[in-house]
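data_1.cif (mmCIF, C-alpha atoms) appears below.
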```cif
data_input
#
loop_
_atom_site.label_atom_id
_atom_site.label_comp_id
_atom_site.auth_asym_id
_atom_site.auth_seq_id
_atom_site.Cartn_x
_atom_site.Cartn_y
_atom_site.Cartn_z
CA MET G 1 143.62 53.93 45.40
CA ASP G 2 141.68 51.04 46.90
CA PRO G 3 139.28 49.83 44.17
CA ALA G 4 136.82 48.71 46.86
CA GLU G 5 136.47 52.28 48.12
CA GLY G 6 136.37 54.43 44.99
CA ARG G 7 138.45 57.50 44.33
CA ARG G 8 139.20 60.20 46.87
CA ILE G 9 138.61 63.50 45.08
CA LEU G 10 139.86 66.59 46.88
CA VAL G 11 137.90 69.67 45.83
CA ALA G 12 139.32 73.00 47.00
CA VAL G 13 136.46 75.40 47.75
CA ASP G 14 136.45 79.09 48.60
CA GLU G 15 134.14 82.09 48.42
CA GLY G 16 134.41 82.47 44.64
CA ASP G 17 132.08 81.36 41.89
CA GLU G 18 135.00 79.49 40.33
CA SER G 19 135.17 76.90 43.09
CA VAL G 20 131.38 76.42 43.08
CA HIS G 21 131.51 75.88 39.32
CA ALA G 22 134.39 73.40 39.72
CA LEU G 23 132.51 71.46 42.42
CA ARG G 24 129.33 71.40 40.35
CA TRP G 25 131.28 70.23 37.28
CA CYS G 26 133.03 67.54 39.33
CA LEU G 27 129.76 66.22 40.73
CA THR G 28 128.03 66.22 37.34
CA ASN G 29 130.83 65.01 35.07
CA PHE G 30 133.59 63.38 37.08
CA ALA G 31 132.60 61.86 40.42
CA THR G 32 131.23 58.32 40.29
CA ARG G 33 128.02 57.75 42.20
CA GLY G 34 128.65 54.04 42.44
CA ASP G 35 126.57 50.94 41.77
CA GLY G 36 127.05 48.92 44.91
CA GLU G 37 129.98 46.52 45.00
CA LEU G 38 130.84 46.68 41.28
CA ALA G 39 131.52 50.42 41.29
CA PRO G 40 131.90 51.92 44.75
CA PRO G 41 131.11 55.61 45.13
CA ASP G 42 133.85 58.20 45.11
CA THR G 43 134.50 60.31 48.18
CA ILE G 44 134.46 64.07 47.71
CA LEU G 45 136.86 65.70 50.15
CA LEU G 46 135.77 69.33 50.46
CA LEU G 47 138.66 71.51 51.60
CA TYR G 48 138.36 75.12 52.67
CA VAL G 49 141.53 76.92 53.72
CA ARG G 50 141.11 79.83 56.13
CA PRO G 51 143.81 82.46 56.01
CA THR G 52 146.24 82.57 58.90
CA PRO G 53 144.95 85.04 61.51
CA PRO G 54 146.91 88.29 61.42
CA THR G 55 149.26 89.00 64.26
CA TYR G 56 149.43 92.45 65.76
CA SER G 57 151.66 94.11 68.22
CA VAL G 58 150.11 95.61 71.33
CA LEU G 59 149.91 98.94 69.51
CA ASP G 60 148.71 99.15 65.92
CA ALA G 61 150.20 101.56 63.35
CA SER G 62 148.16 104.51 64.62
CA GLY G 63 149.29 103.97 68.21
CA TYR G 64 145.95 102.67 69.45
CA LEU G 65 145.84 99.66 71.69
CA PHE G 66 144.74 96.61 69.69
CA VAL G 67 142.57 94.58 72.06
CA ASN G 68 141.82 90.89 72.17
CA GLU G 69 138.18 91.53 71.31
CA ALA G 70 139.20 92.83 67.88
CA THR G 71 141.33 89.80 67.10
CA ALA G 72 138.54 87.53 68.36
CA ALA G 73 136.07 89.34 66.07
CA ILE G 74 138.38 88.86 63.07
CA ASP G 75 138.78 85.16 63.87
CA GLY G 76 135.02 84.80 64.39
CA TYR G 77 134.35 86.37 61.00
CA SER G 78 136.87 84.04 59.35
CA ARG G 79 135.17 81.03 60.95
CA ALA G 80 131.73 82.27 59.86
CA VAL G 81 132.93 82.61 56.27
CA ALA G 82 134.39 79.10 56.39
CA ASP G 83 131.13 77.71 57.78
CA ALA G 84 129.09 79.45 55.06
CA VAL G 85 131.35 78.22 52.24
CA VAL G 86 131.40 74.65 53.54
CA ASP G 87 127.62 74.64 54.12
CA LYS G 88 126.99 75.83 50.55
CA ALA G 89 129.35 73.17 49.17
CA GLN G 90 127.74 70.40 51.24
CA LYS G 91 124.27 71.40 50.05
CA LEU G 92 125.48 71.32 46.45
CA CYS G 93 126.93 67.84 47.01
CA ALA G 94 123.69 66.62 48.56
CA LEU G 95 121.65 68.09 45.70
CA HIS G 96 123.78 66.47 42.99
CA SER G 97 124.44 63.13 44.65
CA LYS G 98 120.95 61.99 45.61
CA GLU G 99 119.30 59.33 43.54
CA ASN G 100 115.97 57.81 44.60
CA GLY G 101 116.39 59.52 47.97
CA GLU G 102 119.69 57.73 48.55
CA VAL G 103 123.02 59.56 48.69
CA LYS G 104 125.41 58.02 46.18
CA VAL G 105 128.57 60.08 46.73
CA LYS G 106 130.38 60.23 50.05
CA VAL G 107 131.35 63.69 51.30
CA ASP G 108 133.97 64.56 53.90
CA VAL G 109 134.72 68.13 54.97
CA LYS G 110 138.05 69.55 56.07
CA VAL G 111 138.81 73.12 57.12
CA ALA G 112 142.45 74.08 57.51
CA VAL G 113 144.31 77.28 58.32
CA GLY G 114 147.32 78.67 56.45
CA ASP G 115 148.53 79.63 53.02
CA ALA G 116 146.10 78.04 50.56
CA ARG G 117 148.81 76.93 48.14
CA SER G 118 150.86 74.90 50.59
CA VAL G 119 147.89 73.69 52.67
CA ILE G 120 146.10 72.27 49.62
CA CYS G 121 149.22 70.38 48.50
CA ASP G 122 149.84 69.12 52.04
CA MET G 123 146.23 67.95 52.38
CA VAL G 124 146.50 66.02 49.10
CA ASP G 125 149.12 63.88 50.80
CA LYS G 126 147.55 63.81 54.25
CA LEU G 127 144.11 62.78 52.98
CA GLY G 128 145.38 60.39 50.31
CA ALA G 129 143.66 62.21 47.44
CA ASP G 130 143.70 60.50 44.07
CA VAL G 131 142.95 63.73 42.22
CA LEU G 132 142.69 67.44 43.07
CA VAL G 133 139.90 69.51 41.51
CA MET G 134 140.15 73.29 41.53
CA GLY G 135 138.41 76.22 39.91
CA SER G 136 140.29 78.84 37.98
CA HIS G 137 139.58 82.52 37.51
CA GLY G 138 140.98 82.51 33.99
CA TYR G 139 141.40 86.28 34.23
CA GLY G 140 143.28 86.63 31.04
CA PHE G 141 146.43 86.19 29.07
CA PHE G 142 149.61 88.19 29.53
CA LYS G 143 152.18 87.70 26.80
CA SER G 144 155.58 86.87 28.16
CA GLU G 145 158.72 85.05 27.20
CA ASP G 146 158.51 83.22 30.53
CA SER G 147 155.92 80.41 30.50
CA ARG G 148 155.42 80.76 34.26
CA TRP G 149 153.72 84.12 33.68
CA PHE G 150 151.47 82.46 31.13
CA CYS G 151 150.39 79.78 33.63
CA ARG G 152 149.79 82.28 36.41
CA ALA G 153 147.76 84.52 34.11
CA LEU G 154 145.61 81.66 32.95
CA LEU G 155 145.33 79.69 36.18
CA GLY G 156 146.04 82.04 39.06
CA SER G 157 148.76 81.70 41.64
CA VAL G 158 147.09 79.05 43.82
CA SER G 159 146.10 76.72 41.00
CA ASP G 160 149.44 77.27 39.26
CA TYR G 161 151.28 76.34 42.47
CA CYS G 162 149.13 73.23 42.96
CA VAL G 163 149.61 72.08 39.36
CA ARG G 164 153.36 72.27 39.92
CA ASN G 165 153.53 70.84 43.45
CA ALA G 166 150.60 68.52 44.22
CA ASN G 167 151.48 64.83 44.39
CA CYS G 168 148.45 63.78 42.37
CA PRO G 169 146.78 64.72 39.08
CA VAL G 170 145.22 68.21 39.19
CA LEU G 171 142.02 68.95 37.29
CA ILE G 172 141.46 72.67 36.67
CA VAL G 173 137.88 73.69 35.85
CA LYS G 174 137.72 77.13 34.28
CA LEU G 175 134.69 79.33 34.85
CA LYS G 176 133.16 80.06 31.46
#
```

Output the file's structure in the form of C-alpha coordinates.
Amino acid sequence: MDPAEGRRILVAVDEGDESVHALRWCLTNFATRGDGELAPPDTILLLYVRPTPPTYSVLDASGYLFVNEATAAIDGYSRAVADAVVDKAQKLCALHSKENGEVKVKVDVKVAVGDARSVICDMVDKLGADVLVMGSHGYGFFKSEDSRWFCRALLGSVSDYCVRNANCPVLIVKLK
(Lines of atoms letter the chains of each structure in order from A and count residues from 1; the text may use other names and numbers.)
(Lines give C-alpha, C1' and ligand atoms only; values in the text may rest on other atoms or scores of the structure.)
Protein backbone atom coordinates (compact mmCIF):
# COMPACT_ATOMS: atom_id res chain seq x y z
CA MET A 1 0.00 0.00 0.00
CA ASP A 2 1.28 3.43 -0.96
CA PRO A 3 0.52 5.74 2.00
CA ALA A 4 0.22 8.69 -0.40
CA GLU A 5 -2.70 7.02 -2.18
CA GLY A 6 -4.79 5.46 0.58
CA ARG A 7 -6.05 1.91 0.68
CA ARG A 8 -7.48 0.02 -2.27
CA ILE A 9 -10.64 -1.66 -1.00
CA LEU A 10 -12.15 -4.26 -3.30
CA VAL A 11 -15.89 -4.63 -2.67
CA ALA A 12 -17.55 -7.58 -4.40
CA VAL A 13 -21.09 -6.61 -5.41
CA ASP A 14 -23.94 -8.66 -6.82
CA GLU A 15 -27.73 -8.61 -7.02
CA GLY A 16 -28.26 -9.51 -3.36
CA ASP A 17 -29.06 -7.32 -0.39
CA GLU A 18 -25.98 -8.75 1.33
CA SER A 19 -23.54 -7.02 -0.99
CA VAL A 20 -25.43 -3.71 -0.77
CA HIS A 21 -25.31 -3.95 3.01
CA ALA A 22 -21.58 -4.75 2.90
CA LEU A 23 -20.88 -1.78 0.61
CA ARG A 24 -22.96 0.55 2.78
CA TRP A 25 -21.17 -0.69 5.91
CA CYS A 26 -17.78 -0.27 4.25
CA LEU A 27 -18.55 3.29 3.19
CA THR A 28 -19.94 4.26 6.60
CA ASN A 29 -17.53 2.47 8.92
CA PHE A 30 -14.38 1.46 7.09
CA ALA A 31 -13.42 3.55 4.07
CA THR A 32 -11.44 6.71 4.79
CA ARG A 33 -12.72 9.84 3.11
CA GLY A 34 -9.37 11.55 3.43
CA ASP A 35 -8.22 14.95 4.65
CA GLY A 36 -6.01 16.15 1.85
CA GLU A 37 -2.33 15.22 2.03
CA LEU A 38 -2.33 13.99 5.64
CA ALA A 39 -4.90 11.25 5.03
CA PRO A 40 -5.50 10.48 1.36
CA PRO A 41 -8.86 8.99 0.45
CA ASP A 42 -9.28 5.27 -0.03
CA THR A 43 -10.25 3.89 -3.42
CA ILE A 44 -13.30 1.65 -3.54
CA LEU A 45 -12.90 -0.94 -6.29
CA LEU A 46 -16.41 -2.16 -7.11
CA LEU A 47 -16.29 -5.61 -8.68
CA TYR A 48 -19.23 -7.37 -10.29
CA VAL A 49 -18.64 -10.83 -11.72
CA ARG A 50 -20.96 -11.91 -14.53
CA PRO A 51 -21.44 -15.64 -14.92
CA THR A 52 -19.78 -17.30 -17.87
CA PRO A 53 -22.24 -17.40 -20.78
CA PRO A 54 -23.65 -20.89 -21.27
CA THR A 55 -22.51 -22.84 -24.27
CA TYR A 56 -24.99 -24.82 -26.29
CA SER A 57 -24.72 -27.28 -29.06
CA VAL A 58 -26.52 -26.55 -32.31
CA LEU A 59 -29.48 -28.57 -31.02
CA ASP A 60 -30.72 -28.17 -27.47
CA ALA A 61 -32.02 -31.09 -25.36
CA SER A 62 -35.45 -31.04 -27.00
CA GLY A 63 -33.97 -31.19 -30.50
CA TYR A 64 -34.81 -27.61 -31.40
CA LEU A 65 -32.26 -25.47 -33.14
CA PHE A 66 -30.70 -23.04 -30.65
CA VAL A 67 -30.14 -19.83 -32.61
CA ASN A 68 -27.65 -17.04 -32.11
CA GLU A 69 -30.43 -14.61 -31.23
CA ALA A 70 -31.21 -16.61 -28.09
CA THR A 71 -27.60 -16.62 -26.92
CA ALA A 72 -27.34 -12.91 -27.71
CA ALA A 73 -30.49 -12.27 -25.64
CA ILE A 74 -29.04 -14.20 -22.69
CA ASP A 75 -25.79 -12.25 -22.92
CA GLY A 76 -27.70 -8.97 -23.25
CA TYR A 77 -29.70 -9.76 -20.12
CA SER A 78 -26.51 -10.61 -18.22
CA ARG A 79 -24.97 -7.29 -19.27
CA ALA A 80 -28.13 -5.40 -18.26
CA VAL A 81 -28.06 -6.99 -14.81
CA ALA A 82 -24.38 -6.08 -14.44
CA ASP A 83 -25.08 -2.49 -15.48
CA ALA A 84 -27.97 -2.20 -12.99
CA VAL A 85 -25.93 -3.63 -10.10
CA VAL A 86 -22.93 -1.41 -10.83
CA ASP A 87 -25.13 1.68 -11.26
CA LYS A 88 -26.82 1.05 -7.90
CA ALA A 89 -23.44 0.56 -6.21
CA GLN A 90 -21.99 3.73 -7.77
CA LYS A 91 -24.99 5.77 -6.62
CA LEU A 92 -24.57 4.41 -3.11
CA CYS A 93 -20.88 5.36 -3.17
CA ALA A 94 -21.70 8.86 -4.39
CA LEU A 95 -24.37 9.29 -1.72
CA HIS A 96 -22.09 8.21 1.13
CA SER A 97 -18.88 9.85 -0.01
CA LYS A 98 -19.97 13.42 -0.66
CA GLU A 99 -19.06 16.05 1.85
CA ASN A 100 -19.74 19.73 1.16
CA GLY A 101 -20.49 18.80 -2.44
CA GLU A 102 -17.03 17.29 -2.86
CA VAL A 103 -16.48 13.57 -3.39
CA LYS A 104 -14.08 12.26 -0.76
CA VAL A 105 -13.77 8.58 -1.74
CA LYS A 106 -12.46 7.45 -5.11
CA VAL A 107 -14.49 4.79 -6.92
CA ASP A 108 -13.35 2.50 -9.71
CA VAL A 109 -15.62 -0.07 -11.35
CA LYS A 110 -14.63 -3.43 -12.76
CA VAL A 111 -16.91 -6.01 -14.39
CA ALA A 112 -15.44 -9.44 -15.04
CA VAL A 113 -16.79 -12.72 -16.41
CA GLY A 114 -16.28 -16.16 -14.89
CA ASP A 115 -16.67 -18.12 -11.69
CA ALA A 116 -17.12 -15.53 -8.93
CA ARG A 117 -14.86 -17.33 -6.46
CA SER A 118 -11.78 -17.48 -8.64
CA VAL A 119 -12.38 -14.15 -10.40
CA ILE A 120 -12.64 -12.25 -7.11
CA CYS A 121 -9.39 -13.77 -5.81
CA ASP A 122 -7.65 -13.10 -9.14
CA MET A 123 -8.84 -9.48 -9.17
CA VAL A 124 -7.50 -8.96 -5.64
CA ASP A 125 -4.04 -9.59 -7.08
CA LYS A 126 -4.57 -7.88 -10.42
CA LEU A 127 -5.95 -4.67 -8.88
CA GLY A 128 -3.57 -4.61 -5.92
CA ALA A 129 -6.34 -4.65 -3.31
CA ASP A 130 -5.31 -4.08 0.29
CA VAL A 131 -8.52 -5.61 1.64
CA LEU A 132 -11.52 -7.48 0.23
CA VAL A 133 -15.00 -6.65 1.55
CA MET A 134 -17.85 -9.08 0.94
CA GLY A 135 -21.39 -9.60 2.14
CA SER A 136 -22.54 -12.88 3.57
CA HIS A 137 -25.93 -14.53 3.48
CA GLY A 138 -25.46 -16.07 6.91
CA TYR A 139 -28.17 -18.60 6.08
CA GLY A 140 -27.66 -20.69 9.10
CA PHE A 141 -25.62 -23.19 11.01
CA PHE A 142 -25.25 -26.85 10.13
CA LYS A 143 -23.61 -28.95 12.81
CA SER A 144 -20.77 -31.02 11.48
CA GLU A 145 -17.54 -32.58 12.60
CA ASP A 146 -15.87 -30.93 9.60
CA SER A 147 -15.19 -27.21 10.16
CA ARG A 148 -15.38 -26.56 6.41
CA TRP A 149 -19.13 -27.24 6.52
CA PHE A 150 -19.42 -24.78 9.38
CA CYS A 151 -17.68 -22.04 7.36
CA ARG A 152 -19.74 -22.69 4.25
CA ALA A 153 -22.98 -22.66 6.24
CA LEU A 154 -22.11 -19.40 7.91
CA LEU A 155 -20.38 -17.62 5.03
CA GLY A 156 -21.52 -19.23 1.80
CA SER A 157 -19.36 -20.90 -0.79
CA VAL A 158 -18.03 -17.73 -2.47
CA SER A 159 -17.07 -15.91 0.71
CA ASP A 160 -15.67 -19.12 2.23
CA TYR A 161 -13.51 -19.66 -0.86
CA CYS A 162 -12.28 -16.05 -0.79
CA VAL A 163 -11.45 -16.19 2.93
CA ARG A 164 -9.29 -19.23 2.21
CA ASN A 165 -7.69 -18.10 -1.06
CA ALA A 166 -7.53 -14.30 -1.36
CA ASN A 167 -4.05 -12.82 -0.98
CA CYS A 168 -5.24 -10.02 1.29
CA PRO A 169 -7.33 -9.64 4.44
CA VAL A 170 -11.02 -10.43 3.86
CA LEU A 171 -13.72 -8.53 5.72
CA ILE A 172 -17.08 -10.34 5.78
CA VAL A 173 -20.11 -8.18 6.56
CA LYS A 174 -23.11 -10.27 7.58
CA LEU A 175 -26.61 -9.07 6.78
CA LYS A 176 -28.46 -8.69 10.07

Point to revise | d(atom CA of Pro51 of chain G, atom CA of Asp115 of chain G) in Å | key: 6.3 Å

**Study point:** Close residues, segment 75-85 of chain G itself excluded, 8 Å, all atoms listed in the file, min 4 positions apart in chain, as JSON, numbers by chain
**Key:** {"G": [13, 14, 15, 48, 49, 50, 51, 53, 71, 89, 111]}

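With all atoms listed in the file as the basis for measurement, G:Ala129 is the residue among G:Ala129, G:Val20, G:Cys121, G:Met134 that approaches Arg7 of chain G most closely.
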
Point to revise | the PyMOL selection byres ((chain G and resi 43) around 9) resolved against shown file, as an MDAnalysis selection string | key: chainID G and resid 5:10 31:32 41:42 44:45 105:108

Review point. In file coordinates, which residues lie within 8 Å of (133.5, 74.6, 40.7) using all atoms listed in the file, given as a PyMOL selection string?
Key: chain G and resi 13+17-26+134-135+173+175

Practice item. Work out how far apart atom CA of Leu132 of chain G and atom CA of Asn165 of chain G are and give it in Å to one decimal. Key: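 Separating atom CA of Leu132 of chain G from atom CA of Asn165 of chain G is a distance of 11.4 Å.
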
Practice item. Run through the PyMOL selection byres ((chain G and resi 166) around 10) on the given coordinates and return the selected residues as a VMD selection string. Key: chain G and resid 117 to 118 120 to 125 129 131 to 132 159 161 to 165 167 to 170

Could the residues in this selection be saved with C-alpha atoms as an mmCIF file, keeping the file's coordinate frame?
```cif
data_model
loop_
_atom_site.group_PDB
_atom_site.id
_atom_site.type_symbol
_atom_site.label_atom_id
_atom_site.label_comp_id
_atom_site.auth_asym_id
_atom_site.auth_seq_id
_atom_site.Cartn_x
_atom_site.Cartn_y
_atom_site.Cartn_z
ATOM 1 C CA ARG G 117 148.810 76.930 48.140
ATOM 2 C CA SER G 118 150.860 74.900 50.590
ATOM 3 C CA ILE G 120 146.100 72.270 49.620
ATOM 4 C CA CYS G 121 149.220 70.380 48.500
ATOM 5 C CA ASP G 122 149.840 69.120 52.040
ATOM 6 C CA MET G 123 146.230 67.950 52.380
ATOM 7 C CA VAL G 124 146.500 66.020 49.100
ATOM 8 C CA ASP G 125 149.120 63.880 50.800
ATOM 9 C CA ALA G 129 143.660 62.210 47.440
ATOM 10 C CA VAL G 131 142.950 63.730 42.220
ATOM 11 C CA LEU G 132 142.690 67.440 43.070
ATOM 12 C CA SER G 159 146.100 76.720 41.000
ATOM 13 C CA TYR G 161 151.280 76.340 42.470
ATOM 14 C CA CYS G 162 149.130 73.230 42.960
ATOM 15 C CA VAL G 163 149.610 72.080 39.360
ATOM 16 C CA ARG G 164 153.360 72.270 39.920
ATOM 17 C CA ASN G 165 153.530 70.840 43.450
ATOM 18 C CA ASN G 167 151.480 64.830 44.390
ATOM 19 C CA CYS G 168 148.450 63.780 42.370
ATOM 20 C CA PRO G 169 146.780 64.720 39.080
ATOM 21 C CA VAL G 170 145.220 68.210 39.190
#
```

Exercise for review: Please measure the separation of atom CA of Lys91 of chain G and atom CA of Asp160 of chain G, giving the value in Å to one decimal.
Suggested key: 28.0 Å

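When all atoms listed in the file are used to compute distances to Thr52 of chain G, the closest of the residues G:Leu27, G:Val86, G:Ala112, G:Cys93 turns out to be G:Ala112.
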
Given the PyMOL selection byres ((chain G and resi 46) around 6), the residues it picks as a PDB file with C-alpha atoms, in the frame of the given file:
```pdb
ATOM      1  CA  VAL G  11     137.900  69.670  45.830  1.00  0.00           C
ATOM      2  CA  LEU G  45     136.860  65.700  50.150  1.00  0.00           C
ATOM      3  CA  LEU G  47     138.660  71.510  51.600  1.00  0.00           C
ATOM      4  CA  VAL G 109     134.720  68.130  54.970  1.00  0.00           C
TER       5      VAL G 109
END
```

Test item: axis-aligned box, all listed atoms of segment 166-173 of chain G, 6 Å on each side, centre and edges in Å rounded to one decimal, as JSON:
```
{"center_x": 144.7, "center_y": 68.7, "center_z": 40.1, "size_x": 25.6, "size_y": 21.9, "size_z": 20.5}
```
